[in-house]
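Peer 1: Have a look at the structure that comes next, please.
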Amino acid sequence: MRRCFRAVYCAVSFAVAFCAAAAGGAEPFRKVVIDPGHGGKDPGTIGHGLFEKSLTLDLALRLEKLLADEGFSVELTRREDRFVSLEDRAAVAKDADSVFVSLHFNAHPDRSIAGIETFYWPGSDAGRELAATVQGRLGGRLVTRNRGPRPQRLKVLELTPATGILIECGFLTNRWEAQRCAAPWYRQIVAEEILLGLLRYRESMK
Ligand SMILES: [Zn+2]
């Protein structure tokens, strides 16, 4: 009897989960893992006197505060200047029903290149949707080139089972954009727009 009950319970659970997935309406996520790119011995991009690893951490702490104020559970993959492997970063975002946001600043040999872009794992429908929604916000209030949501085979996105994106928040090799990235107001607006993108994405899941 007990076995039967368990079988029925499992069947019902499966049906509910299947229907939710079929309707495209997964449970809205509650947890966000923020991943400040690079750190410690890995400075990331260095441009115009700026270290990518420092900017990503500052941005992550700003985003953490905004998300916590909205009631999200938030975890960072690092909160000081230390090296963390891609495997360890992905291991923090081990829950499939959480969202993983990796933060980076960009570089290009052509110093005229500027703009913001958001990557997702190719073939991930949820990742593409999340990237498009967040990039849609970032392309608004921040007047710079909108380089769009883009599929990219990035290892950290491959490793995490969470719905993941990697945001390149501006080119440190471009003098104009590096000056903006260096300014606290710029990083605050980036954090606010990422928050608004995440809220819009969560709303679309209901
Ligand atoms: Zn980077």
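In the structure tokens, chains take letters A, B, ... by order of appearance, with residues numbered from 1 within each chain and ligands from 1 in the order shown.
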Report as an NGL selection string which protein, DNA and RNA residues come within 12 Å of ligand 1, using only C-alpha atoms and all ligand atoms.

Peer 2: :A and (35-39 or 42-46 or 51-57 or 86 or 102-108 or 154 or 156 or 166-172)

Peer 1: Take the selection from the previous step and output its residues with C-alpha atoms, as a short mmCIF file (atom, residue, chain, number, x, y, z; two decimals), in the first residue's frame.

Peer 2:
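Output (out-v7.cif):
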data_model
loop_
_atom_site.label_atom_id
_atom_site.label_comp_id
_atom_site.auth_asym_id
_atom_site.auth_seq_id
_atom_site.Cartn_x
_atom_site.Cartn_y
_atom_site.Cartn_z
CA ASP A 35 29.94 35.40 -10.41
CA PRO A 36 32.47 38.26 -10.41
CA GLY A 37 34.82 37.22 -13.22
CA HIS A 38 38.55 36.62 -12.59
CA GLY A 39 40.28 37.41 -9.25
CA ASP A 42 43.96 36.22 -12.73
CA PRO A 43 43.37 39.97 -13.24
CA GLY A 44 41.34 39.53 -16.42
CA THR A 45 41.52 42.44 -18.83
CA ILE A 46 43.75 45.37 -17.90
CA PHE A 51 41.64 45.78 -13.61
CA GLU A 52 38.69 43.72 -14.75
CA LYS A 53 38.78 41.60 -11.58
CA SER A 54 38.23 44.71 -9.40
CA LEU A 55 35.38 46.09 -11.50
CA THR A 56 33.53 42.76 -11.59
CA LEU A 57 33.69 42.43 -7.80
CA LEU A 86 35.62 27.84 -13.36
CA SER A 102 28.71 35.89 -14.57
CA LEU A 103 30.06 39.46 -14.76
CA HIS A 104 32.93 40.54 -17.00
CA PHE A 105 34.44 43.52 -18.79
CA ASN A 106 35.70 43.18 -22.31
CA ALA A 107 38.82 43.74 -24.42
CA HIS A 108 39.50 44.01 -28.16
CA LEU A 154 31.79 29.30 -22.59
CA VAL A 156 31.50 28.24 -17.04
CA LEU A 166 27.71 35.93 -18.95
CA ILE A 167 27.55 39.70 -19.34
CA GLU A 168 30.41 41.68 -20.85
CA CYS A 169 29.70 45.09 -19.35
CA GLY A 170 31.94 47.28 -21.50
CA PHE A 171 35.33 47.39 -23.25
CA LEU A 172 38.26 48.47 -21.08
#

Peer 1: Which polymer residues have any atom within 12 Å of an atom of Val143 of chain A, counting only C-alpha atoms, with same-chain residues fewer than 4 positions away left out, as a list in words?

Peer 2: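 Residues near the query, excluding close chain neighbours: Ala114, Gly115, Ile116, Arg137, Leu138, Gly139, Arg147, Gly170, Trp176, Glu177, Arg180, Tyr186, Ile189 and Val190 of chain A.
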
Peer 1: Could you save the residues just selected, with C-alpha atoms, as an mmCIF file, in the first residue's frame?

Peer 2:
data_model
loop_
_atom_site.group_PDB
_atom_site.id
_atom_site.type_symbol
_atom_site.label_atom_id
_atom_site.label_comp_id
_atom_site.auth_asym_id
_atom_site.auth_seq_id
_atom_site.Cartn_x
_atom_site.Cartn_y
_atom_site.Cartn_z
ATOM 1 C CA ALA A 114 32.702 49.481 -27.525
ATOM 2 C CA GLY A 115 29.430 48.087 -26.243
ATOM 3 C CA ILE A 116 27.712 45.542 -24.044
ATOM 4 C CA ARG A 137 17.539 46.327 -20.427
ATOM 5 C CA LEU A 138 21.272 46.997 -20.718
ATOM 6 C CA GLY A 139 20.815 48.318 -24.228
ATOM 7 C CA ARG A 147 26.008 44.032 -29.218
ATOM 8 C CA GLY A 170 31.939 47.281 -21.500
ATOM 9 C CA TRP A 176 35.577 56.367 -23.763
ATOM 10 C CA GLU A 177 34.027 53.201 -22.371
ATOM 11 C CA ARG A 180 32.595 55.098 -17.942
ATOM 12 C CA TYR A 186 28.088 53.569 -14.465
ATOM 13 C CA ILE A 189 23.310 51.706 -13.512
ATOM 14 C CA VAL A 190 24.619 48.425 -14.925
#

Peer 1: What are the DSSP strand (DSSP E) residues of segment 6-194 of chain A, as a PyMOL selection string?

Peer 2: chain A and resi 31-36+46-47+50-51+73-76+99-106+116-120+146-151+163-171

Peer 1: Let's have the selection written as a short mmCIF file (atom, residue, chain, number, x, y, z; two decimals), in the first residue's frame, with N, CA and C atoms.

Peer 2:
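Everything below was put into part35.cif:
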data_model
loop_
_atom_site.label_atom_id
_atom_site.label_comp_id
_atom_site.auth_asym_id
_atom_site.auth_seq_id
_atom_site.Cartn_x
_atom_site.Cartn_y
_atom_site.Cartn_z
N LYS A 31 16.70 32.09 -6.31
CA LYS A 31 18.11 32.30 -5.98
C LYS A 31 18.90 32.76 -7.20
N VAL A 32 19.79 33.71 -6.95
CA VAL A 32 20.68 34.19 -8.00
C VAL A 32 22.12 34.01 -7.52
N VAL A 33 22.93 33.35 -8.33
CA VAL A 33 24.36 33.24 -8.04
C VAL A 33 25.08 34.27 -8.92
N ILE A 34 25.78 35.18 -8.27
CA ILE A 34 26.53 36.21 -9.01
C ILE A 34 27.99 35.79 -9.04
N ASP A 35 28.57 35.85 -10.21
CA ASP A 35 29.94 35.40 -10.41
C ASP A 35 30.82 36.55 -10.89
N PRO A 36 31.55 37.21 -9.98
CA PRO A 36 32.47 38.26 -10.41
C PRO A 36 33.66 37.63 -11.12
N ILE A 46 43.21 44.15 -18.50
CA ILE A 46 43.75 45.37 -17.90
C ILE A 46 43.75 46.43 -18.99
N GLY A 47 43.07 47.53 -18.74
CA GLY A 47 43.00 48.57 -19.76
C GLY A 47 42.82 49.93 -19.14
N LEU A 50 42.73 50.11 -15.47
CA LEU A 50 41.65 49.40 -14.78
C LEU A 50 41.90 47.90 -14.80
N PHE A 51 41.56 47.24 -13.70
CA PHE A 51 41.64 45.78 -13.61
C PHE A 51 40.23 45.21 -13.67
N SER A 73 17.32 35.31 -2.75
CA SER A 73 18.47 34.68 -2.10
C SER A 73 19.65 34.85 -3.06
N VAL A 74 20.76 35.36 -2.54
CA VAL A 74 21.90 35.67 -3.41
C VAL A 74 23.16 35.02 -2.86
N GLU A 75 23.95 34.48 -3.75
CA GLU A 75 25.25 33.94 -3.36
C GLU A 75 26.30 34.41 -4.37
N LEU A 76 27.47 34.76 -3.89
CA LEU A 76 28.57 35.17 -4.77
C LEU A 76 29.61 34.06 -4.84
N VAL A 99 19.46 31.00 -10.98
CA VAL A 99 19.99 31.75 -12.12
C VAL A 99 21.44 32.12 -11.82
N PHE A 100 22.28 32.00 -12.82
CA PHE A 100 23.71 32.24 -12.68
C PHE A 100 24.09 33.43 -13.56
N VAL A 101 24.67 34.46 -12.95
CA VAL A 101 25.03 35.67 -13.70
C VAL A 101 26.52 35.91 -13.54
N SER A 102 27.27 35.68 -14.60
CA SER A 102 28.71 35.89 -14.57
C SER A 102 29.01 37.29 -15.14
N LEU A 103 29.81 38.06 -14.40
CA LEU A 103 30.06 39.46 -14.76
C LEU A 103 31.49 39.65 -15.26
N HIS A 104 31.62 40.31 -16.40
CA HIS A 104 32.93 40.54 -17.00
C HIS A 104 32.98 41.91 -17.66
N PHE A 105 34.22 42.35 -17.94
CA PHE A 105 34.44 43.52 -18.79
C PHE A 105 35.33 43.06 -19.93
N ASN A 106 35.21 43.73 -21.06
CA ASN A 106 35.70 43.18 -22.31
C ASN A 106 37.00 43.83 -22.79
N ILE A 116 28.06 46.57 -25.04
CA ILE A 116 27.71 45.54 -24.04
C ILE A 116 27.11 44.35 -24.76
N GLU A 117 27.47 43.15 -24.32
CA GLU A 117 26.90 41.93 -24.90
C GLU A 117 26.68 40.89 -23.80
N THR A 118 25.71 40.02 -24.05
CA THR A 118 25.36 38.99 -23.06
C THR A 118 25.37 37.63 -23.74
N PHE A 119 26.15 36.71 -23.18
CA PHE A 119 26.30 35.37 -23.75
C PHE A 119 25.43 34.34 -23.01
N TYR A 120 24.99 33.34 -23.76
CA TYR A 120 24.29 32.20 -23.18
C TYR A 120 24.81 30.94 -23.86
N ASN A 146 24.70 48.29 -28.45
CA ASN A 146 24.06 47.06 -28.00
C ASN A 146 24.53 45.93 -28.91
N ARG A 147 25.45 45.11 -28.41
CA ARG A 147 26.01 44.03 -29.22
C ARG A 147 25.17 42.76 -29.13
N GLY A 148 24.07 42.86 -28.39
CA GLY A 148 23.07 41.80 -28.42
C GLY A 148 23.33 40.61 -27.55
N PRO A 149 22.30 39.75 -27.42
CA PRO A 149 22.51 38.45 -26.79
C PRO A 149 23.17 37.53 -27.81
N ARG A 150 24.15 36.74 -27.37
CA ARG A 150 24.89 35.89 -28.30
C ARG A 150 25.12 34.50 -27.71
N PRO A 151 24.94 33.46 -28.52
CA PRO A 151 25.31 32.11 -28.06
C PRO A 151 26.83 31.97 -28.09
N THR A 163 20.27 28.23 -15.02
CA THR A 163 20.11 29.04 -16.22
C THR A 163 21.15 30.15 -16.15
N GLY A 164 22.10 30.12 -17.08
CA GLY A 164 23.26 31.00 -16.93
C GLY A 164 23.43 31.99 -18.06
N ILE A 165 23.97 33.15 -17.71
CA ILE A 165 24.39 34.15 -18.70
C ILE A 165 25.73 34.72 -18.27
N LEU A 166 26.46 35.23 -19.23
CA LEU A 166 27.71 35.93 -18.95
C LEU A 166 27.64 37.29 -19.63
N ILE A 167 27.71 38.34 -18.81
CA ILE A 167 27.55 39.70 -19.34
C ILE A 167 28.91 40.37 -19.44
N GLU A 168 29.22 40.87 -20.62
CA GLU A 168 30.41 41.68 -20.85
C GLU A 168 29.94 43.14 -20.78
N CYS A 169 30.33 43.82 -19.71
CA CYS A 169 29.70 45.09 -19.35
C CYS A 169 30.36 46.33 -19.95
N GLY A 170 31.29 46.14 -20.86
CA GLY A 170 31.94 47.28 -21.50
C GLY A 170 33.39 46.96 -21.81
N PHE A 171 33.96 47.67 -22.79
CA PHE A 171 35.33 47.39 -23.25
C PHE A 171 36.33 48.31 -22.54
#

Peer 1: Mind giving me the straight-line distance from atom CA of Ala191 of chain A to atom CA of Phe72 of chain A in Å, one decimal?

Peer 2: 14.5 Å

Peer 1: Quick one: pick out all alpha helix (DSSP H) residues within segment 101-143 of chain A from a backbone DSSP run and write them as an NGL selection string.

Peer 2: :A and (125-138)

Peer 1: Taking only C-alpha atoms into account, name the residue in A:Leu199, A:Lys206, A:Asp95, A:Asn174 that is nearest to Thr133 of chain A.

Peer 2: A:Leu199

Peer 1: Select, from A:Glu193, A:Glu87, A:Asp81, A:Asp97, the residue with the minimum atom-to-atom distance to Leu157 of chain A, counting only C-alpha atoms.

Peer 2: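 Checking each candidate against Leu157 of chain A, we get A:Glu87 as the closest.
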
Peer 1: Determine the nearest neighbour of Asp69 of chain A from the options A:Gly40, A:Ala183, A:Glu192, A:Arg89, counting only C-alpha atoms.

Peer 2: A:Glu192

Peer 1: Enter the distance from atom CA of Gln188 of chain A to atom CA of Gly140 of chain A, in Å, rounded to one decimal.

Peer 2: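 Separation between atom CA of Gln188 of chain A and atom CA of Gly140 of chain A: 14.4 Å.
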